[in-house]
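Novice: Sharing entry.cif here; it has mmCIF, C-alpha atoms.
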data_coords
#
loop_
_atom_site.label_atom_id
_atom_site.label_comp_id
_atom_site.auth_asym_id
_atom_site.auth_seq_id
_atom_site.Cartn_x
_atom_site.Cartn_y
_atom_site.Cartn_z
CA MET A 30 102.49 -16.71 -48.34
CA ALA A 31 100.21 -19.50 -47.20
CA GLY A 32 96.78 -18.79 -45.76
CA LEU A 33 94.01 -16.33 -46.58
CA THR A 34 95.26 -13.07 -48.09
CA SER A 35 93.84 -10.29 -50.24
CA THR A 36 94.64 -12.41 -53.31
CA GLY A 37 92.86 -15.55 -52.11
CA PHE A 38 93.66 -18.73 -50.20
CA THR A 39 96.97 -20.56 -50.61
CA PRO A 40 97.38 -23.92 -48.83
CA LYS A 41 100.66 -24.75 -47.16
CA SER A 42 102.69 -27.43 -48.96
CA MET A 43 103.75 -30.74 -47.42
CA SER A 44 107.44 -29.83 -47.74
CA THR A 45 106.88 -26.53 -45.91
CA ILE A 46 104.97 -28.23 -43.10
CA ILE A 47 107.64 -30.89 -42.68
CA GLU A 48 110.40 -28.27 -42.56
CA GLU A 49 108.50 -26.17 -39.99
CA MET A 50 107.90 -29.22 -37.77
CA THR A 51 111.50 -30.29 -38.12
CA GLN A 52 112.78 -26.87 -37.09
CA ALA A 53 110.37 -26.80 -34.14
CA LEU A 54 111.62 -30.17 -32.85
CA ILE A 55 115.25 -29.16 -33.28
CA ALA A 56 114.51 -25.93 -31.38
CA ILE A 57 113.38 -27.91 -28.32
CA GLY A 58 116.55 -29.99 -28.27
CA LEU A 59 116.02 -33.02 -30.53
CA ASP A 60 118.97 -34.25 -32.56
CA PRO A 61 118.80 -32.63 -36.06
CA ILE A 62 120.15 -35.77 -37.72
CA ASP A 63 117.58 -37.92 -35.95
CA VAL A 64 114.71 -35.59 -36.78
CA ARG A 65 115.64 -35.40 -40.47
CA ASN A 66 115.94 -39.20 -40.74
CA PRO A 67 112.58 -40.39 -42.17
CA ASP A 68 113.15 -43.83 -40.67
CA SER A 69 113.71 -42.58 -37.12
CA LEU A 70 110.91 -42.30 -34.56
CA ALA A 71 111.05 -38.51 -34.72
CA GLY A 72 111.11 -38.56 -38.52
CA GLU A 73 108.11 -40.87 -38.71
CA LEU A 74 106.22 -38.71 -36.20
CA VAL A 75 106.89 -35.62 -38.33
CA ALA A 76 105.59 -37.43 -41.43
CA ILE A 77 102.39 -38.55 -39.65
CA LEU A 78 101.61 -35.12 -38.21
CA ALA A 79 102.54 -33.31 -41.44
CA GLU A 80 100.13 -35.46 -43.42
CA ARG A 81 97.31 -34.61 -41.02
CA GLU A 82 98.12 -30.90 -41.20
CA VAL A 83 98.29 -30.85 -44.99
CA ASN A 84 94.86 -32.52 -45.06
CA LEU A 85 93.53 -29.61 -42.96
CA TRP A 86 95.08 -27.09 -45.34
CA ASP A 87 93.55 -28.92 -48.31
CA LEU A 88 90.18 -28.89 -46.54
CA GLY A 89 90.50 -25.15 -46.03
CA ASP A 90 91.32 -24.75 -49.72
CA ASP A 91 88.26 -26.78 -50.71
CA ILE A 92 86.00 -24.74 -48.42
CA TYR A 93 87.37 -21.47 -49.79
CA ALA A 94 86.97 -22.61 -53.40
CA SER A 95 83.41 -23.78 -52.77
CA ARG A 96 82.33 -20.17 -52.13
CA VAL A 97 82.37 -19.82 -55.93
CA PRO A 98 79.36 -21.65 -57.45
CA GLN A 99 81.46 -23.13 -60.28
CA ASN A 100 83.67 -24.84 -57.68
CA ALA A 101 80.94 -25.93 -55.26
CA THR A 102 79.25 -29.33 -55.18
CA GLY A 103 76.51 -31.02 -53.19
CA ILE A 104 75.22 -29.25 -50.09
CA LEU A 105 77.69 -26.38 -50.61
CA LEU A 106 76.13 -25.63 -53.99
CA ASP A 107 72.68 -25.95 -52.42
CA ASN A 108 73.61 -23.28 -49.88
CA LEU A 109 74.80 -20.89 -52.60
CA ALA A 110 71.63 -21.55 -54.60
CA ALA A 111 69.54 -20.61 -51.56
CA VAL A 112 71.02 -17.09 -51.72
CA LEU A 113 69.25 -16.71 -55.08
CA GLY A 114 66.06 -18.21 -53.67
CA LEU A 115 66.59 -21.51 -55.50
CA THR A 116 66.43 -25.06 -54.19
CA ARG A 117 67.64 -28.23 -55.85
CA GLN A 118 64.83 -30.04 -57.64
CA GLU A 119 64.26 -33.36 -55.92
CA ALA A 120 63.58 -36.60 -57.76
CA THR A 121 59.97 -37.23 -58.72
CA PRO A 122 58.18 -40.47 -59.58
CA THR A 123 56.70 -41.39 -62.92
CA THR A 124 52.91 -41.12 -62.70
CA VAL A 125 50.03 -42.71 -64.57
CA LEU A 126 46.23 -42.53 -64.35
CA LEU A 127 44.70 -45.92 -63.56
CA THR A 128 41.22 -47.28 -64.01
CA LEU A 129 40.20 -49.66 -61.19
CA THR A 130 37.22 -51.99 -61.49
CA GLY A 131 35.55 -54.61 -59.34
CA THR A 132 32.73 -54.83 -56.81
CA ALA A 133 31.11 -51.42 -56.39
CA GLY A 134 31.83 -49.86 -53.01
CA THR A 135 35.13 -51.69 -52.46
CA SER A 136 37.71 -49.39 -50.85
CA ILE A 137 41.21 -49.34 -52.33
CA PRO A 138 43.56 -47.70 -49.82
CA LEU A 139 46.40 -45.29 -50.48
CA GLY A 140 49.62 -47.15 -51.33
CA SER A 141 48.03 -50.18 -52.97
CA LEU A 142 50.54 -51.74 -55.37
CA VAL A 143 50.13 -52.54 -59.05
CA THR A 144 52.70 -53.49 -61.69
CA THR A 145 53.12 -53.32 -65.42
CA SER A 146 53.16 -56.44 -67.49
CA ASP A 147 56.98 -56.41 -67.34
CA GLY A 148 57.10 -56.02 -63.53
CA PHE A 149 57.52 -52.24 -63.01
CA GLU A 150 55.87 -51.36 -59.68
CA LEU A 151 53.60 -48.41 -58.86
CA GLU A 152 51.46 -47.42 -55.86
CA THR A 153 48.15 -45.59 -55.69
CA LEU A 154 48.42 -42.02 -54.40
CA GLU A 155 45.05 -41.76 -52.67
CA THR A 156 42.25 -43.91 -51.23
CA VAL A 157 39.34 -44.50 -53.64
CA VAL A 158 36.11 -46.52 -53.80
CA LEU A 159 35.38 -48.78 -56.81
CA PRO A 160 34.77 -48.16 -59.58
CA ALA A 161 37.35 -45.38 -59.74
CA SER A 162 40.16 -43.62 -61.52
CA VAL A 163 43.25 -42.93 -59.43
CA LEU A 164 46.70 -41.52 -59.96
CA ALA A 165 49.58 -43.89 -59.23
CA GLY A 166 53.28 -43.15 -58.88
CA SER A 167 56.30 -45.34 -59.41
CA THR A 168 57.93 -46.66 -56.23
CA LEU A 169 61.27 -45.68 -57.78
CA THR A 170 61.86 -42.03 -58.62
CA GLY A 171 63.04 -41.00 -62.05
CA ALA A 172 61.92 -40.91 -65.66
CA PHE A 173 60.42 -44.21 -66.78
CA THR A 174 58.34 -45.14 -69.81
CA ILE A 175 54.89 -46.61 -69.17
CA THR A 176 52.91 -47.20 -72.33
CA ALA A 177 49.12 -47.31 -72.49
CA GLY A 178 47.45 -50.58 -71.45
CA THR A 179 50.52 -52.05 -69.71
CA VAL A 180 49.55 -51.59 -66.03
CA THR A 181 47.49 -54.77 -65.63
CA VAL A 182 48.71 -56.64 -62.55
CA ILE A 183 47.24 -56.15 -59.04
CA SER A 184 50.09 -56.68 -56.55
CA THR A 185 48.10 -55.88 -53.39
CA PRO A 186 45.21 -58.41 -53.37
CA ILE A 187 41.96 -56.84 -52.10
CA THR A 188 38.66 -58.71 -52.11
CA GLY A 189 36.33 -57.10 -54.64
CA TRP A 190 39.12 -55.50 -56.67
CA THR A 191 39.34 -57.45 -59.90
CA ALA A 192 41.11 -55.41 -62.57
CA VAL A 193 43.39 -52.46 -63.28
CA THR A 194 44.51 -50.78 -66.51
CA ASN A 195 45.78 -47.48 -67.86
CA ALA A 196 44.16 -45.96 -70.91
CA ALA A 197 46.96 -43.45 -71.45
CA ALA A 198 50.73 -43.51 -71.22
CA GLY A 199 52.41 -42.41 -68.02
CA ILE A 200 54.08 -39.07 -67.38
CA PRO A 201 57.83 -39.59 -66.82
CA GLY A 202 59.25 -38.35 -63.54
CA ALA A 203 62.69 -36.87 -63.08
CA ALA A 204 65.95 -37.75 -61.39
CA ARG A 205 67.26 -35.50 -58.65
CA GLU A 206 68.76 -32.36 -60.18
CA ASN A 207 72.51 -32.77 -60.54
CA ASP A 208 75.11 -30.11 -59.78
CA ASP A 209 75.58 -29.08 -63.43
CA ASP A 210 71.87 -28.48 -63.97
CA LEU A 211 71.49 -26.59 -60.68
CA LEU A 212 74.47 -24.41 -61.54
CA ALA A 213 72.95 -23.65 -64.95
CA ARG A 214 69.71 -22.53 -63.28
CA MET A 215 71.70 -20.35 -60.87
CA VAL A 216 73.49 -18.63 -63.75
CA ALA A 217 70.19 -18.07 -65.55
CA GLU A 218 68.55 -16.74 -62.38
CA ARG A 219 71.41 -14.34 -61.74
CA SER A 220 71.02 -13.00 -65.28
CA ARG A 221 67.27 -12.64 -64.81
CA VAL A 222 67.17 -11.01 -61.38
CA GLY A 223 67.12 -7.27 -61.78
CA ALA A 224 67.67 -7.39 -65.54
CA GLY A 225 66.03 -4.59 -67.45
CA THR A 226 66.73 -1.82 -64.93
CA VAL A 227 69.27 0.99 -65.10
CA GLU A 228 70.60 0.14 -61.64
CA SER A 229 71.04 -3.52 -62.57
CA MET A 230 72.91 -2.57 -65.73
CA ARG A 231 75.18 -0.16 -63.86
CA SER A 232 75.86 -2.78 -61.17
CA ARG A 233 76.77 -5.45 -63.74
CA LEU A 234 79.03 -3.07 -65.69
CA LEU A 235 80.88 -2.07 -62.52
CA GLU A 236 81.65 -5.76 -61.94
CA LEU A 237 83.85 -5.75 -65.05
CA ASP A 238 87.58 -5.48 -64.40
CA GLN A 239 88.93 -1.93 -64.73
CA VAL A 240 85.52 -0.23 -64.98
CA GLN A 241 85.61 2.57 -62.39
CA SER A 242 82.51 4.61 -63.18
CA VAL A 243 79.35 4.26 -65.28
CA ASN A 244 76.73 6.82 -66.25
CA ILE A 245 73.50 5.73 -67.92
CA ILE A 246 71.22 8.28 -69.57
CA GLU A 247 67.69 6.98 -69.96
CA ASN A 248 65.67 8.88 -72.56
CA VAL A 249 61.89 8.59 -72.29
CA THR A 250 61.16 11.18 -74.99
CA ALA A 251 60.71 10.96 -78.76
CA VAL A 252 63.85 13.03 -79.48
CA GLU A 253 67.54 12.45 -78.80
CA VAL A 254 68.69 13.72 -75.39
CA ASP A 255 72.38 14.04 -74.42
CA GLY A 256 73.33 11.41 -76.98
CA ALA A 257 70.65 8.93 -75.85
CA PRO A 258 68.39 7.91 -78.79
CA PRO A 259 64.61 8.35 -78.58
CA TYR A 260 63.18 5.96 -75.97
CA GLY A 261 66.68 4.54 -75.58
CA ILE A 262 69.77 4.71 -73.38
CA LEU A 263 73.29 6.05 -73.55
CA VAL A 264 75.82 4.13 -71.48
CA VAL A 265 79.05 5.97 -70.70
CA VAL A 266 81.99 4.01 -69.25
CA PHE A 267 85.17 5.24 -67.56
CA PRO A 268 87.99 4.69 -68.32
CA ASP A 269 88.62 3.68 -71.95
CA PHE A 270 90.32 0.28 -71.51
CA ASN A 271 89.54 -1.39 -74.85
CA GLU A 272 87.13 -4.10 -73.70
CA ASP A 273 84.37 -3.17 -76.13
CA THR A 274 82.87 -6.65 -76.48
CA ALA A 275 82.61 -7.32 -72.73
CA ILE A 276 80.89 -3.98 -72.16
CA ALA A 277 78.48 -4.42 -75.09
CA GLN A 278 77.62 -7.99 -74.01
CA THR A 279 76.81 -6.80 -70.49
CA ILE A 280 74.57 -4.04 -71.86
CA TRP A 281 72.79 -6.56 -74.11
CA ASP A 282 72.29 -9.01 -71.23
CA THR A 283 70.75 -6.39 -68.93
CA LYS A 284 68.96 -3.82 -71.05
CA PRO A 285 65.17 -3.94 -71.47
CA ALA A 286 64.04 -5.75 -74.63
CA GLY A 287 63.62 -3.44 -77.60
CA THR A 288 65.53 -0.54 -76.03
CA ALA A 289 67.82 1.31 -78.45
CA THR A 290 71.38 2.13 -77.43
CA GLY A 291 73.41 5.20 -78.37
CA GLY A 292 77.09 6.04 -78.34
CA ASP A 293 80.17 6.29 -80.53
CA VAL A 294 81.32 2.68 -80.00
CA THR A 295 79.22 -0.04 -81.68
CA VAL A 296 79.68 -3.80 -81.26
CA SER A 297 77.74 -6.64 -82.90
CA ILE A 298 76.36 -9.07 -80.31
CA GLU A 299 74.86 -12.47 -81.19
CA ASP A 300 71.75 -13.45 -79.26
CA SER A 301 70.79 -16.95 -78.08
CA GLN A 302 69.02 -17.60 -81.39
CA GLY A 303 72.00 -16.69 -83.53
CA PHE A 304 70.81 -13.24 -84.60
CA ASP A 305 73.20 -10.26 -84.54
CA HIS A 306 72.34 -6.96 -82.85
CA ASN A 307 74.30 -3.72 -82.76
CA VAL A 308 74.92 -2.46 -79.23
CA SER A 309 76.36 1.03 -78.78
CA PHE A 310 77.94 2.89 -75.87
CA SER A 311 80.55 5.59 -75.25
CA TYR A 312 83.74 5.93 -73.30
CA VAL A 313 84.04 9.12 -71.30
CA THR A 314 85.66 12.32 -72.45
CA GLU A 315 88.03 13.50 -69.73
CA ILE A 316 87.65 17.21 -69.04
CA ASP A 317 90.42 18.99 -67.14
CA VAL A 318 89.01 21.31 -64.49
CA GLU A 319 90.91 24.01 -62.63
CA PHE A 320 89.93 25.15 -59.15
CA THR A 321 90.44 28.78 -58.10
CA LEU A 322 90.23 29.68 -54.41
CA THR A 323 90.68 32.96 -52.56
CA TYR A 324 90.51 32.50 -48.80
CA VAL A 325 91.24 34.00 -45.40
CA TYR A 326 93.07 31.97 -42.78
CA ASP A 327 93.98 32.28 -39.09
CA ALA A 328 97.78 32.49 -38.94
CA ALA A 329 97.83 30.97 -35.46
CA ASP A 330 95.99 27.79 -36.49
CA PHE A 331 96.73 27.45 -40.18
CA PRO A 332 99.43 24.76 -40.68
CA ASP A 333 102.70 25.50 -42.45
CA ASP A 334 101.68 23.12 -45.24
CA GLY A 335 98.07 24.31 -45.19
CA GLU A 336 97.95 25.09 -48.90
CA ALA A 337 99.35 21.65 -49.70
CA GLN A 338 96.62 20.13 -47.53
CA ILE A 339 94.02 22.16 -49.44
CA ASP A 340 95.44 20.84 -52.69
CA VAL A 341 95.15 17.23 -51.48
CA VAL A 342 91.46 17.76 -50.63
CA VAL A 343 90.85 19.38 -54.06
CA GLU A 344 92.54 16.53 -55.94
CA ASP A 345 90.69 13.86 -53.94
CA TYR A 346 87.36 15.58 -54.59
CA ILE A 347 87.87 15.87 -58.36
CA THR A 348 89.03 12.25 -58.55
CA SER A 349 85.88 11.13 -56.72
CA LEU A 350 83.53 12.73 -59.25
CA GLY A 351 81.64 10.23 -61.40
CA VAL A 352 80.82 10.32 -65.09
CA GLY A 353 78.56 13.29 -65.86
CA GLU A 354 78.77 14.56 -62.27
CA SER A 355 79.05 18.33 -61.76
CA ALA A 356 82.02 19.87 -59.97
CA ASN A 357 80.46 21.67 -57.00
CA ALA A 358 82.64 24.26 -55.24
CA TYR A 359 80.25 24.51 -52.28
CA LYS A 360 80.61 20.80 -51.51
CA LEU A 361 84.36 21.07 -51.95
CA MET A 362 84.64 24.02 -49.57
CA ALA A 363 82.74 22.07 -46.92
CA ARG A 364 85.41 19.37 -47.20
CA ILE A 365 88.27 21.88 -47.03
CA PHE A 366 86.89 23.56 -43.90
CA SER A 367 86.36 20.11 -42.34
CA GLU A 368 89.85 18.78 -43.08
CA VAL A 369 92.15 21.84 -42.95
CA THR A 370 92.48 23.76 -39.67
CA GLY A 371 92.70 27.53 -39.51
CA MET A 372 90.32 28.29 -42.39
CA VAL A 373 88.30 31.47 -41.68
CA SER A 374 86.38 32.37 -44.84
CA TRP A 375 86.53 32.41 -48.63
CA SER A 376 85.50 34.92 -51.27
CA VAL A 377 86.16 33.07 -54.53
CA ALA A 378 85.70 29.37 -55.16
CA THR A 379 85.11 28.38 -58.77
CA PHE A 380 85.85 25.65 -61.28
CA THR A 381 86.94 26.36 -64.85
CA LYS A 382 86.96 24.14 -67.93
CA THR A 383 88.12 25.04 -71.42
CA VAL A 384 86.67 22.13 -73.47
CA PRO A 385 84.58 22.32 -75.59
CA THR A 386 84.11 25.94 -74.50
CA THR A 387 85.52 27.94 -71.59
CA VAL A 388 83.17 28.04 -68.62
CA THR A 389 83.80 29.22 -65.05
CA ALA A 390 81.23 28.53 -62.35
CA ALA A 391 80.83 27.60 -58.71
CA VAL A 392 78.84 24.58 -59.90
CA LEU A 393 80.38 23.41 -63.17
CA THR A 394 77.94 21.23 -65.09
CA LEU A 395 79.42 18.54 -67.34
CA ARG A 396 77.88 16.60 -70.19
CA ALA A 397 76.62 13.06 -69.67
CA ALA A 398 79.72 11.59 -71.34
CA ASP A 399 82.22 13.87 -69.56
CA LYS A 400 84.26 13.20 -66.43
CA ALA A 401 86.15 15.84 -64.51
CA VAL A 402 89.88 15.20 -64.11
CA SER A 403 92.68 17.32 -62.75
CA GLU A 404 96.06 18.21 -64.20
CA GLY A 405 96.98 19.92 -60.92
CA THR A 406 96.87 23.50 -62.21
CA HIS A 407 94.86 25.06 -59.40
CA ILE A 408 95.13 28.63 -58.11
CA TYR A 409 95.13 29.34 -54.38
CA THR A 410 95.32 32.84 -52.86
CA GLY A 411 95.41 32.97 -49.08
CA VAL A 412 95.30 36.04 -46.86
CA ALA A 413 95.96 36.01 -43.11
CA GLY A 414 93.01 37.39 -41.20
#
Would you write out, as structure tokens, the structure that this file holds?
Specialist:
Amino acid sequence: MAGLTSTGFTPKSMSTIIEEMTQALIAIGLDPIDVRNPDSLAGELVAILAEREVNLWDLGDDIYASRVPQNATGILLDNLAAVLGLTRQEATPTTVLLTLTGTAGTSIPLGSLVTTSDGFELETLETVVLPASVLAGSTLTGAFTITAGTVTVISTPITGWTAVTNAAAGIPGAARENDDDLLARMVAERSRVGAGTVESMRSRLLELDQVQSVNIIENVTAVEVDGAPPYGILVVVFPDFNEDTAIAQTIWDTKPAGTATGGDVTVSIEDSQGFDHNVSFSYVTEIDVEFTLTYVYDAADFPDDGEAQIDVVVEDYITSLGVGESANAYKLMARIFSEVTGMVSWSVATFTKTVPTTVTAAVLTLRAADKAVSEGTHIYTGVAG
């Protein structure tokens, strides 16, 4: 399907446009044979209009693609860079410190021109009075080489100004930053912004395909806590989808320098200097939880499929729980009373887990690396009130 969809932008092809235009002209009474003849007036008109329309579709495709920095160029890349607070570095002139001599008190205005012995032109960057030292910049921007003692020609004659020289070499300028260099700075800035924080790490991990939930335990003590090493972190990822290297690389890119990592999965990551570092994390352990509910309902308002509706709310709630998040029967009951009509009261509402030990509680606390899941074995006991 052409156009903008949930999977991206697909431009319409020339053949499709021509066929649509042809069918439209036939529909209003034009001769099909004449319209399909590329040498006829109608055929030529279709070709002209189709070419214009395909150009518009191609433009739309280019605009859509340019929303991704790697596909953007020129001003479009500049606009994306601005989101990160970056601007393209403009071209700068090559500069050199000059020594001006002549009649004392002679004024040399801003913009006075001098040249090197081989004809490279520079202009003074401020007004000075002789004798003086003044900074000069090249009239052309970019990186140029000016060696010591080569700026010797006065190009703007001024009475009383007799000589110019440069004791030191010039400082090369720079060309305007190109798209590749700007993109590289954008990538580096994106890696830098927010790096070193738990929230940044969680955000970056959740950007990985298939990662649904992340729990990060930050240990600020001198002993291991919930699997997190002393003064380190434990990253727990759900689900287990066998992308160990991508997860470890993201942790390495975003964790604070020197912070130890814990977990039962360890991957060797090479840093920018070629050194290897072990990065550890864990995938979640899925813990089946069973919900038990004893409730009173109003027979006049309670729907025929009321218990099925309760079960839908229970399943949705358990599915929504994140890694390490407790299963809270009080929060669940608030949802049930909000979404199922005819509920009057309840006397029992508990969660039960059997791994690693059997525990039943209204608020079932899970370990940092655990995630509640449901196998659908819940117990509901309803009494009409």
Novice: Mind pulling up the distance from atom CA of Gln118 of chain A to atom CA of Glu152 of chain A?
Specialist: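 Distance reported for this atom pair: 22.0 Å.
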Novice: Name the closest residue to Leu139 of chain A among the candidates A:Ala251, A:Glu48, A:Leu126, A:Val157; distances are taken between atoms, counting only C-alpha atoms.
Specialist: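 For Leu139 of chain A, the nearest of the candidates is A:Val157.
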Novice: Neighbours of Thr121 of chain A within 6 Å (only C-alpha atoms; same-chain residues fewer than 3 positions away dropped), as a count of residues only?
Specialist: 4
Novice: Which residue is closest to Leu169 of chain A? Choose from A:Thr123, A:Met215, A:Gly189, A:Glu80 and count only C-alpha atoms.
Specialist: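 Smallest separation from Leu169 of chain A among the options: A:Thr123.
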Novice: Could you expand the PyMOL selection byres ((chain A and resi 43) around 8) into the explicit residues it covers here, written as a PyMOL selection string?
Specialist: chain A and resi 41-42+44-47+79-80+83
Novice: Applying the PyMOL selection byres ((chain A and resi 122) around 12) to the file I just gave you, which residues come out? Please list them as a CSV table (one decimal) with C-alpha atoms, in the frame of the given file.
Specialist:
chain,number,residue,atom,x,y,z
A,119,GLU,CA,64.3,-33.4,-55.9
A,120,ALA,CA,63.6,-36.6,-57.8
A,121,THR,CA,60.0,-37.2,-58.7
A,123,THR,CA,56.7,-41.4,-62.9
A,124,THR,CA,52.9,-41.1,-62.7
A,125,VAL,CA,50.0,-42.7,-64.6
A,150,GLU,CA,55.9,-51.4,-59.7
A,151,LEU,CA,53.6,-48.4,-58.9
A,152,GLU,CA,51.5,-47.4,-55.9
A,153,THR,CA,48.2,-45.6,-55.7
A,154,LEU,CA,48.4,-42.0,-54.4
A,164,LEU,CA,46.7,-41.5,-60.0
A,165,ALA,CA,49.6,-43.9,-59.2
A,166,GLY,CA,53.3,-43.2,-58.9
A,167,SER,CA,56.3,-45.3,-59.4
A,168,THR,CA,57.9,-46.7,-56.2
A,169,LEU,CA,61.3,-45.7,-57.8
A,170,THR,CA,61.9,-42.0,-58.6
A,171,GLY,CA,63.0,-41.0,-62.0
A,172,ALA,CA,61.9,-40.9,-65.7
A,173,PHE,CA,60.4,-44.2,-66.8
A,174,THR,CA,58.3,-45.1,-69.8
A,175,ILE,CA,54.9,-46.6,-69.2
A,199,GLY,CA,52.4,-42.4,-68.0
A,200,ILE,CA,54.1,-39.1,-67.4
A,201,PRO,CA,57.8,-39.6,-66.8
A,202,GLY,CA,59.2,-38.4,-63.5
A,203,ALA,CA,62.7,-36.9,-63.1
A,204,ALA,CA,66.0,-37.8,-61.4
A,205,ARG,CA,67.3,-35.5,-58.6
Novice: Would you pick out the contacts of segment 375-380 of chain A at 8 Å or less, using all atoms listed in the file, so that residues sharing its chain but fewer than 3 positions from it are not included, and give the list as JSON, numbers by chain?
Specialist: {"A": [318, 319, 320, 321, 322, 323, 324, 325, 356, 357, 358, 359, 362, 389, 390, 391, 392, 393]}
Novice: Which is closer to Leu129 of chain A than all the others in A:Ala101, A:Val158, A:Val296, A:Leu109, using all atoms listed in the file?
Specialist: A:Val158
Novice: Rounded to one decimal, what separation in Å do you get between atom CA of Asp209 of chain A and atom CA of Gly89 of chain A?
Specialist: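 It comes out at 23.3 Å.
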Novice: Name the residues captured by the PyMOL selection byres ((chain A and resi 231) around 9) when it is applied to the shown file; answer as a PyMOL selection string.
Specialist: chain A and resi 226-230+232-236+242-245+264+280
Novice: Which of these residues is nearest to Leu212 of chain A, using all atoms listed in the file: A:Val180, A:Ala275, A:Val97, A:Ile62?
Specialist: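 Of A:Val180, A:Ala275, A:Val97, A:Ile62, the one nearest Leu212 of chain A is A:Val97, counting all atoms listed in the file.
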Novice: What's the 9 Å shell around segment 183-188 of chain A, counting only C-alpha atoms, without same-chain residues fewer than 5 positions away, as a tab-separated table (two decimals) with C-alpha atoms, in the frame of the given file?
Specialist:
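Written output follows (result.tsv):
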chain	number	residue	atom	x	y	z
A	131	GLY	CA	35.55	-54.61	-59.34
A	132	THR	CA	32.73	-54.83	-56.81
A	135	THR	CA	35.13	-51.69	-52.46
A	136	SER	CA	37.71	-49.39	-50.85
A	137	ILE	CA	41.21	-49.34	-52.33
A	141	SER	CA	48.03	-50.18	-52.97
A	142	LEU	CA	50.54	-51.74	-55.37
A	143	VAL	CA	50.13	-52.54	-59.05
A	144	THR	CA	52.70	-53.49	-61.69
A	150	GLU	CA	55.87	-51.36	-59.68
A	193	VAL	CA	43.39	-52.46	-63.28
Novice: Give as a count of residues only each residue that has an atom at most 8 Å from (90.7, 19.0, -48.5) in the file, counting all atoms listed in the file.
Specialist: 16
